[in-house]
Amino acid sequence: MSVTRPEQGAAEIPGWTRRPASLAVAVTAELVQRVVRGTYAPGTTLPPEPVLCETFSVSRTVIREAVKVLQEKGLVRVRQGAGTTVTPMAQWNMLDELVLAAAVAGDESLAILDDLVVTRRLLESDMAQVAARTAGEDVLDRLRALVDRMDELVGDTATYEEHDRLFHDTIMQASGNRIARGVVRSLESQVLGSAGYHGRSGRDMCTASNKGHRRIFERIAAHDGAGAAQAMFTHITEAWLVRRGEAGDPGRLKR
């Protein structure tokens, strides 16, 4: 994971420029940002309560509530008499919305998004394999209609992407794996606004992407579980490699 570290001797980030309405939520979000981005690095202690109170112009109660939430997210460890210590990255809850969003925002190498895509690829390949065994004519009709419609939408990237997500979700629902679908949908919802995740797009890329969708559909329609899994694996990998461009290390996807 790539995070931005403050320069040696850099001044502390100031508190609010404008006082938020929900103080505990806002302080929590800001502290998550500072931990994940390395302002408070693993192994160091957070500033003492009086300093944090002064920084954010809030009460000790607000600070204590925020620190408690950070502890629940795995970002800090609180020990009586030893202060609040930032934990190693391996202990952070990367599925947490605030933690993941902060990690993605500060990840210039795209390593976090690579990990997300690998996770999505693993889960969706398995769900495509199951869907190929269980999908009835109603599911096949929906998938066929979506693929045909996306061929018509390659010039309208935003609408194409909406149908793209619906195509994948139809397969996930057909698999019946509610947990895997929930994980994929949660991860995607947290990074959809990230410029790094969207990367490059355009008519040619949508056209190439839909060829991958059609291969997936054809394997599911043929009730070829292994073929559907491989088609999904290849599609997700190739689509991400195109979107991510030259940034980072694409070798991370060879897993």
# chains A, B, ... in the order shown; residues from 1 in each chain; ligands from 1
call {"tool": "residues_around", "arguments": {"residues": "Arg219 of chain A", "least_positions_apart": "6", "cutoff": "8 Å", "atoms": "only C-alpha atoms", "output": "ChimeraX atom specification"}}
result
/A:132,225,227-228,231
call {"tool": "select_by_dssp", "arguments": {"residues": "segment 46-96 of chain A", "states": "alpha helix (DSSP H)", "output": "VMD selection string"}}
result
chain A and resid 49 to 56 60 to 72
call {"tool": "atom_distance", "arguments": {"atom1": "atom CA of Thr159 of chain A", "atom2": "atom CA of Ile171 of chain A"}}
result
19.0 Å
call {"tool": "residues_around", "arguments": {"residues": "Ser209 of chain A", "least_positions_apart": "2", "cutoff": "10 Å", "atoms": "only C-alpha atoms", "output": "list in words"}}
result
Met150, Asp151, Val154, Asp164, Arg203, Asp204, Met205, Cys206, Thr207, Lys211, Gly212, His213, Arg214, His235, Ile236, Glu238, Ala239, Trp240 and Val242 of chain A
call {"tool": "residues_around", "arguments": {"residues": "Ser22 of chain A", "least_positions_apart": "5", "cutoff": "12 Å", "atoms": "only C-alpha atoms", "output": "list of chain:residue names"}}
result
A:Val27, A:Thr28, A:Ala29, A:Val58, A:Val62, A:Ala66
call {"tool": "residues_around", "arguments": {"residues": "Asp141 of chain A", "least_positions_apart": "5", "cutoff": "12 Å", "atoms": "only C-alpha atoms", "output": "PyMOL selection string"}}
result
chain A and resi 135-136+146-148+167+170-171+217-218+220-221
call {"tool": "closest_residue", "arguments": {"among": "A:Cys53, A:Leu46, A:Leu113, A:Met127", "to": "Gly83 of chain A", "atoms": "only C-alpha atoms"}}
result
A:Leu46
call {"tool": "select_by_dssp", "arguments": {"residues": "segment 57-173 of chain A", "states": "strand (DSSP E)", "output": "list in words"}}
result
Val76, Arg77, Val78, Arg79, Gly83, Thr84, Thr85 and Val86 of chain A
call {"tool": "write_last_selection", "arguments": {"atoms": "C-alpha atoms", "output": "PDB file, in the first residue's frame"}}
result
ATOM      1  CA  VAL A  76      -5.304   2.646  16.867  1.00  0.00           C
ATOM      2  CA  ARG A  77      -4.671   0.857  20.146  1.00  0.00           C
ATOM      3  CA  VAL A  78      -5.505   2.588  23.414  1.00  0.00           C
ATOM      4  CA  ARG A  79      -3.469   1.710  26.495  1.00  0.00           C
ATOM      5  CA  GLY A  83      -1.549   6.982  25.050  1.00  0.00           C
ATOM      6  CA  THR A  84      -3.204   6.067  21.772  1.00  0.00           C
ATOM      7  CA  THR A  85      -0.850   4.316  19.361  1.00  0.00           C
ATOM      8  CA  VAL A  86      -1.404   3.988  15.621  1.00  0.00           C
TER       9      VAL A  86
END
